[in-house]
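J.: Dropping a structure here in C-alpha cells format, bear with me for questions.
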Amino acid sequence: MLPRDHKRSKPGTRLRFPQQSPSLQTRWCSSALKIDVGRRALNNQERFKGKKILFITGERREESANRSKYNQLEAHACDRRYGKTARLVDAWRPVLHWTEEEVWEVIERHRILAPVPYRLGWSRSSCMTCIYNSQRIWSTIRHYWPERAGKIAQYEQTFGVTVSRKKIDVIDLGSAVAPIQISDVEALEQVSREDYTLPIFVPEGQKWVLPGGAFGREACGSD
C-alpha cells in the first residue's frame with residue numbers, strides 16, 4: 001500500500017459531493033477515486049523507473065460519446081520514456097471496439113459470475129450513490145438500503161445543495177417511481193459485506209444466468 005504524502009498539498013475540507021459535469025475538476029470523484037489511483041501508483045514507485053509498463057483498461061466506444069473518440073493504444077499520461085525516470089508506459093484498451101453483447105458472450109463462455117451491481121439491476125458497475133443515478137436507482141437504494149439514501153439526503157441538507165439539478169433531494173427523487181424488484185438474495189447479501197465472498201466462476205452444475213442489469217438503460221454511473 002502506498003502512503004499518502006500530505007505535505008505536497010493541503011487536505012480537502014470543502015466536504016461537498018462532486019457535481020454532474022463532464023469536467024473532472026467539477027466531477028472530481030472520477031479523477032480522485034479512479035484515475036489518480038493508477039497515476040499515483042505509476043508515478044510514486046521506484047520499481048517502475050526504467051521499466052516498460054502496459055496499463056490495461058476496459059473502456060468501450062459505445063459507452064459514451066467521449067469514449068468513442070479514445071485511441072486503442074497510446075502513450076499513457078504517466079509515460080516518461082524520454083525523461084529522467086525512463087519509465088515507458090503505454091495505455092491499451094483491448095475491448096474498445098466490443099459491443100455489450102460481445103462482453104456478455106465472453107463472460108458466459110468462461111462461466112464468470114456476473115458482477116453484483118448487474119445482478120441487482122444496475123446497468124454498470126459504479127458507486128452505489130453515484131451523482132448520476134436515475135430516479136429508479138435512487139428509489140431502489142431508498143427501498144433496500146434506506147440508511148445509504150438517508151446519509152446522502154443529510155449531506156444535501158447540510159450543504160444546502162442537492163445532487164439533482166432539479167433541486168429535489170434524493171429521498172423525494174426516489175419516491176416518485178417504483179424500485180427495482182431484486183430477487184437475487186445472494187447479491188443482496190453481498191452488498192452489506194466489506195469483503196467479497198462470492199465465487200469468481202459459476203459453480204459446477206449451475207447454469208450461467210444473464211443478470212437483470214445487462215443491456216439496461218438506467219443511469220447509474222458517470223463516464
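By order of appearance in the C-alpha cells: chains A, B, ..., then residues from 1 within every chain, and ligands from 1 in the order shown.
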Please give the complete set of residues from stretch 28-190 of chain A that DSSP, run on the backbone, assigns to alpha helix (DSSP H), formatted as a PyMOL selection string.

T.: chain A and resi 28-30+36-43+100-109+116-120+135-144+146-159+170-175+185-190

J.: Mind checking which residues fall within 12 Å of A:Glu100, counting only C-alpha atoms, ignoring those fewer than 3 positions away in the same chain, and posting them as a list in words?

T.: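 The residues that qualify are Gly58, Glu59, Arg60, Arg61, Glu62, Glu63, Val95, Leu96, His97, Val103, Trp104, Glu105, Val106, Ile107, Ser123, Arg124, Gly213, Ala214, Phe215 and Gly216 of chain A.
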
J.: Would you mind telling me which residue in A:Glu186, A:Asp79, A:Glu102, A:Glu46 lies nearest to A:Arg119 when using only C-alpha atoms?

T.: A:Glu186

J.: One decimal, Å: what's the distance from atom CA of A:Arg14 over to atom CA of A:Ser126, could you say?

T.: 23.2 Å
